[in-house]
Number of protein chains: 2
Amino acid sequence: MKNPLGMAVLGLLLESPLHPHAMAATLRERGMDRAFKVTTGSLYDVVRALMREGWIEARETVKVGARPERTIYQLTAAGQEEFTRWVDRLVREPQAEFPKFLSAVSYLGALGPAGAVEALRERAERLRASTEEVRREHLSALQQVPRLFVIEVEYAERMAEAELGWVEEIIGEIESGELGWPE
Amino acid sequence: MKNPLGMAVLGLLLESPLHPHAMAATLRERGMDRAFKVTTGSLYDVVRALMREGWIEARETVKVGARPERTIYQLTAAGQEEFTRWVDRLVREPQAEFPKFLSAVSYLGALGPAGAVEALRERAERLRASTEEVRREHLSALQQVPRLFVIEVEYAERMAEAELGWVEEIIGEIESGELGWPE
DNA sequence: CTCCGATCGCTCGGTTCCGAGTATTTGATG
DNA sequence: CATCAAATACTCGGAACCGAGCGATCGGAG
């Protein structure tokens, strides 16, 4: 049980029992698919794993018309505890992450000064566009729910700003020649 | 071919032909295992995939004593091109990433104000310790190689600082009551 | 010279991931 | 009322991932 989507499922079931499809729909509605990778295949795997661990249980299986059955799951007492432990652990312990940009920057030299500037500029542009959109949605979300419920967006925005700042700075240093280009 | 480890392999082979085990060793020596997830199993899978794509080729298979054979791989012309394209693409196009902390922050509310502060404090502490260590290694690396070759560490440090700053700020806002705790 | 731990180099196979596919129903449109 | 896109709900199997394990060699301590 390492997939954070499992945590998201527990978090949702804390509110009310749901069937997997509804979980995915709810996560997307609330924009939580920015924080959790919500893919249908993984979702059903994760739900099965949560069952194995005894953190959730099937409540009923409903059949409406000739559609596929919906199995509705609910949290167990163990699942409630686990949810809190899970959140706590992930907040407490920084995990080694491997963002793709970090990999790419390791080989920035391969692009040559001009190529690097060009590519970084485009990244900066895209970064500005997407944070602009996030900010807009964030603002409108704040009209409807308390700040604590969308606090992760503040974190995401802050990190995006930091990245953008760094990218712009490096562009400047390449252009000014301050960042030497050996070999 | 999505695994960034493939890009790392191409990057290494740009310098000289190597066998997989040597690739892993080199990546670790240079501290690149902070930017790439280097696991032996995946490495051999990735090398096979690069072969399939025609970006690398087996150069020779050497047998020393009764040890397992070492197959030495080298870059093809197509592989060289692909390497640059790969770096360029990852620099240009921000990818949706799902850091675990972002997931956890989405459910920060579950910890309650006191629990959240406690957990965030510990994270801050660990963050400070690990960045301190990275900074030390970075400084000593700079004595030996040009800045461009370890530029990714500057990025990592910047991002770590941003995260730490945010965490400390939120701790403050929880304690001051500025961040309300509904429900 | 004989252990023993470290290093060398790779394979194996169980898990996890995940998108394409399937099959139905609902709702809107002309 | 016929049609078609969107929503409903899940299954399936190939691909990717990755750590434990394996069998050998080397270097040094006693």
# chains A, B, ... in the order shown; residues from 1 in each chain; ligands from 1

$ closest_atom_pairs --of "chain D" --to "chain B" --cutoff "12 Å" --atoms "only C-alpha atoms (C1' of nucleotides)" --output "tab-separated table"
residue	atom	partner	partner_atom	distance
D:DA15	C1'	B:Met1	CA	10.7
D:DA16	C1'	B:Ser42	CA	8.2
D:DC17	C1'	B:Ser42	CA	6.3
D:DC18	C1'	B:Gly41	CA	5.4
D:DG19	C1'	B:Gly41	CA	7.7
D:DA20	C1'	B:Gly41	CA	10.7
D:DC22	C1'	B:Pro68	CA	10.6
D:DG23	C1'	B:Arg67	CA	7.9
D:DA24	C1'	B:Arg67	CA	5.3
D:DT25	C1'	B:Arg67	CA	7.4
D:DC26	C1'	B:Arg67	CA	12.0

$ write_last_selection --atoms "N, CA and C atoms (P, O5', C5', C4', C3', O3' and C1' of nucleotides)" --output "compact mmCIF listing (two decimals), in the first residue's frame"
# COMPACT_ATOMS: atom_id res chain seq x y z
P DA D 15 3.41 -5.58 -24.40
O5' DA D 15 3.97 -4.54 -23.33
C5' DA D 15 3.37 -3.25 -23.27
C4' DA D 15 3.75 -2.60 -21.97
C3' DA D 15 5.25 -2.62 -21.69
O3' DA D 15 5.66 -1.26 -21.68
C1' DA D 15 3.96 -3.25 -19.75
P DA D 16 7.16 -0.90 -21.29
O5' DA D 16 7.07 -0.70 -19.71
C5' DA D 16 6.20 0.29 -19.21
C4' DA D 16 6.36 0.36 -17.72
C3' DA D 16 7.80 0.53 -17.24
O3' DA D 16 7.78 1.55 -16.27
C1' DA D 16 6.81 -1.36 -16.20
P DC D 17 9.14 2.10 -15.65
O5' DC D 17 9.12 1.46 -14.20
C5' DC D 17 7.87 1.35 -13.52
C4' DC D 17 8.06 0.52 -12.29
C3' DC D 17 9.43 0.63 -11.63
O3' DC D 17 9.23 1.07 -10.31
C1' DC D 17 8.76 -1.64 -11.85
P DC D 18 10.43 1.71 -9.48
O5' DC D 18 11.00 0.43 -8.72
C5' DC D 18 10.15 -0.33 -7.89
C4' DC D 18 10.84 -1.60 -7.47
C3' DC D 18 12.33 -1.45 -7.16
O3' DC D 18 12.58 -2.07 -5.93
C1' DC D 18 11.99 -3.28 -8.56
P DG D 19 13.31 -1.25 -4.77
O5' DG D 19 13.43 -2.36 -3.64
C5' DG D 19 12.29 -3.12 -3.27
C4' DG D 19 12.65 -4.59 -3.24
C3' DG D 19 13.97 -4.90 -2.54
O3' DG D 19 13.81 -6.10 -1.82
C1' DG D 19 14.01 -5.79 -4.71
P DA D 20 14.72 -6.44 -0.57
O5' DA D 20 14.56 -8.02 -0.42
C5' DA D 20 13.40 -8.67 -0.94
C4' DA D 20 13.80 -9.95 -1.65
C3' DA D 20 14.95 -10.70 -0.98
O3' DA D 20 14.60 -12.06 -0.92
C1' DA D 20 15.48 -10.27 -3.26
P DC D 22 18.84 -17.75 -3.54
O5' DC D 22 19.74 -18.00 -4.82
C5' DC D 22 19.36 -17.46 -6.09
C4' DC D 22 20.60 -17.40 -6.97
C3' DC D 22 21.81 -18.12 -6.38
O3' DC D 22 22.44 -18.86 -7.40
C1' DC D 22 22.39 -15.90 -6.89
P DG D 23 23.06 -20.34 -7.03
O5' DG D 23 24.44 -20.26 -7.78
C5' DG D 23 24.51 -19.63 -9.05
C4' DG D 23 25.79 -18.83 -9.12
C3' DG D 23 26.99 -19.50 -8.43
O3' DG D 23 28.05 -19.46 -9.35
C1' DG D 23 26.84 -17.26 -7.83
P DA D 24 29.20 -20.61 -9.26
O5' DA D 24 30.51 -19.70 -9.14
C5' DA D 24 30.82 -18.91 -10.28
C4' DA D 24 31.31 -17.56 -9.84
C3' DA D 24 32.66 -17.55 -9.15
O3' DA D 24 33.67 -17.41 -10.15
C1' DA D 24 31.14 -15.86 -8.36
P DT D 25 35.19 -17.64 -9.72
O5' DT D 25 35.68 -16.19 -9.29
C5' DT D 25 35.44 -15.08 -10.17
C4' DT D 25 35.79 -13.82 -9.41
C3' DT D 25 37.20 -13.84 -8.82
O3' DT D 25 37.83 -12.62 -9.17
C1' DT D 25 35.62 -13.24 -7.18
P DC D 26 39.44 -12.54 -9.12
O5' DC D 26 39.63 -11.38 -8.04
C5' DC D 26 38.82 -10.21 -8.12
C4' DC D 26 38.88 -9.48 -6.79
C3' DC D 26 40.28 -9.46 -6.17
O3' DC D 26 40.62 -8.11 -5.89
C1' DC D 26 38.66 -10.20 -4.59

$ interface_residues --of "chain C" --to "chain B" --cutoff "12 Å" --atoms "only C-alpha atoms (C1' of nucleotides)" --output "PyMOL selection string"
chain C and resi 7-13

$ select_by_dssp --residues "segment 65-125 of chain B" --states "helix (DSSP H, G or I)" --output "count of residues only"
41

$ atom_distance --atom1 "atom CA of Phe83 of chain A" --atom2 "atom CA of Ala110 of chain B"
8.5 Å

$ select_by_dssp --residues "chain A" --states "strand (DSSP E or B)" --output "list in words"
Leu18, Ile56, Glu57, Ala58, Arg59, Glu60, Thr61, Val62, Arg70, Thr71, Ile72, Tyr73, Gln74 and Leu75 of chain A

$ closest_atom_pairs --of "chain D" --to "segment 25-30 of chain C" --cutoff "10 Å" --atoms "only C-alpha atoms (C1' of nucleotides)" --output "Markdown table"
| residue | atom | partner | partner_atom | distance |
| --- | --- | --- | --- | --- |
| D:DA2 | C1' | C:DG30 | C1' | 9.5 |
| D:DT3 | C1' | C:DT29 | C1' | 8.8 |
| D:DC4 | C1' | C:DT29 | C1' | 9.1 |
| D:DA5 | C1' | C:DA28 | C1' | 8.9 |
| D:DA6 | C1' | C:DG27 | C1' | 8.5 |
| D:DA7 | C1' | C:DT26 | C1' | 7.5 |
| D:DT8 | C1' | C:DT25 | C1' | 7.5 |

$ write_last_selection --atoms "N, CA, C and O atoms (P, O5', C5', C4', C3', O3' and C1' of nucleotides)" --output "PDB file, in the first residue's frame"
ATOM      1  P    DA D   2     -38.095   5.487 -34.365  1.00  0.00           P
ATOM      2  O5'  DA D   2     -36.822   5.799 -35.273  1.00  0.00           O
ATOM      3  C5'  DA D   2     -36.860   6.932 -36.148  1.00  0.00           C
ATOM      4  C4'  DA D   2     -35.517   7.638 -36.135  1.00  0.00           C
ATOM      5  C3'  DA D   2     -34.315   6.734 -35.839  1.00  0.00           C
ATOM      6  O3'  DA D   2     -33.295   7.053 -36.780  1.00  0.00           O
ATOM      7  C1'  DA D   2     -34.353   8.547 -34.322  1.00  0.00           C
ATOM      8  P    DT D   3     -31.988   6.149 -36.887  1.00  0.00           P
ATOM      9  O5'  DT D   3     -30.893   7.130 -36.293  1.00  0.00           O
ATOM     10  C5'  DT D   3     -30.887   8.501 -36.718  1.00  0.00           C
ATOM     11  C4'  DT D   3     -29.960   9.308 -35.821  1.00  0.00           C
ATOM     12  C3'  DT D   3     -28.689   8.576 -35.413  1.00  0.00           C
ATOM     13  O3'  DT D   3     -27.578   9.432 -35.664  1.00  0.00           O
ATOM     14  C1'  DT D   3     -29.733   9.501 -33.513  1.00  0.00           C
ATOM     15  P    DC D   4     -26.098   8.841 -35.802  1.00  0.00           P
ATOM     16  O5'  DC D   4     -25.252   9.997 -35.107  1.00  0.00           O
ATOM     17  C5'  DC D   4     -25.909  11.176 -34.620  1.00  0.00           C
ATOM     18  C4'  DC D   4     -25.274  11.634 -33.312  1.00  0.00           C
ATOM     19  C3'  DC D   4     -23.978  10.899 -32.947  1.00  0.00           C
ATOM     20  O3'  DC D   4     -23.099  11.831 -32.331  1.00  0.00           O
ATOM     21  C1'  DC D   4     -25.531  10.619 -31.201  1.00  0.00           C
ATOM     22  P    DA D   5     -21.533  11.460 -32.183  1.00  0.00           P
ATOM     23  O5'  DA D   5     -21.121  12.384 -30.971  1.00  0.00           O
ATOM     24  C5'  DA D   5     -21.748  13.655 -30.805  1.00  0.00           C
ATOM     25  C4'  DA D   5     -21.994  13.918 -29.330  1.00  0.00           C
ATOM     26  C3'  DA D   5     -20.789  13.630 -28.438  1.00  0.00           C
ATOM     27  O3'  DA D   5     -20.690  14.670 -27.473  1.00  0.00           O
ATOM     28  C1'  DA D   5     -22.646  12.385 -27.672  1.00  0.00           C
ATOM     29  P    DA D   6     -19.418  14.783 -26.520  1.00  0.00           P
ATOM     30  O5'  DA D   6     -20.000  14.385 -25.093  1.00  0.00           O
ATOM     31  C5'  DA D   6     -21.179  15.018 -24.618  1.00  0.00           C
ATOM     32  C4'  DA D   6     -21.695  14.297 -23.400  1.00  0.00           C
ATOM     33  C3'  DA D   6     -20.603  13.940 -22.378  1.00  0.00           C
ATOM     34  O3'  DA D   6     -21.060  14.340 -21.104  1.00  0.00           O
ATOM     35  C1'  DA D   6     -21.880  12.018 -22.914  1.00  0.00           C
ATOM     36  P    DA D   7     -20.128  14.295 -19.815  1.00  0.00           P
ATOM     37  O5'  DA D   7     -20.795  13.122 -18.969  1.00  0.00           O
ATOM     38  C5'  DA D   7     -22.177  13.194 -18.641  1.00  0.00           C
ATOM     39  C4'  DA D   7     -22.629  11.840 -18.167  1.00  0.00           C
ATOM     40  C3'  DA D   7     -21.783  11.249 -17.036  1.00  0.00           C
ATOM     41  O3'  DA D   7     -22.660  10.900 -15.976  1.00  0.00           O
ATOM     42  C1'  DA D   7     -22.125   9.658 -18.745  1.00  0.00           C
ATOM     43  P    DT D   8     -22.133  10.225 -14.653  1.00  0.00           P
ATOM     44  O5'  DT D   8     -22.354   8.677 -14.947  1.00  0.00           O
ATOM     45  C5'  DT D   8     -23.665   8.163 -15.082  1.00  0.00           C
ATOM     46  C4'  DT D   8     -23.595   6.665 -15.168  1.00  0.00           C
ATOM     47  C3'  DT D   8     -22.760   6.001 -14.070  1.00  0.00           C
ATOM     48  O3'  DT D   8     -23.542   5.001 -13.471  1.00  0.00           O
ATOM     49  C1'  DT D   8     -22.150   5.175 -16.177  1.00  0.00           C
TER      50       DT D   8
END

$ interface_residues --of "chain B" --to "chain A" --cutoff "6 Å" --atoms "only C-alpha atoms" --output "PyMOL selection string"
chain B and resi 35+87+90-93+98+102-106+119+122-123+152

$ atom_distance --atom1 "atom CA of Ile72 of chain A" --atom2 "atom CA of Leu27 of chain A"
16.2 Å

$ atom_distance --atom1 "atom C1' of DA29 of chain D" --atom2 "atom C1' of DA6 of chain C"
13.8 Å
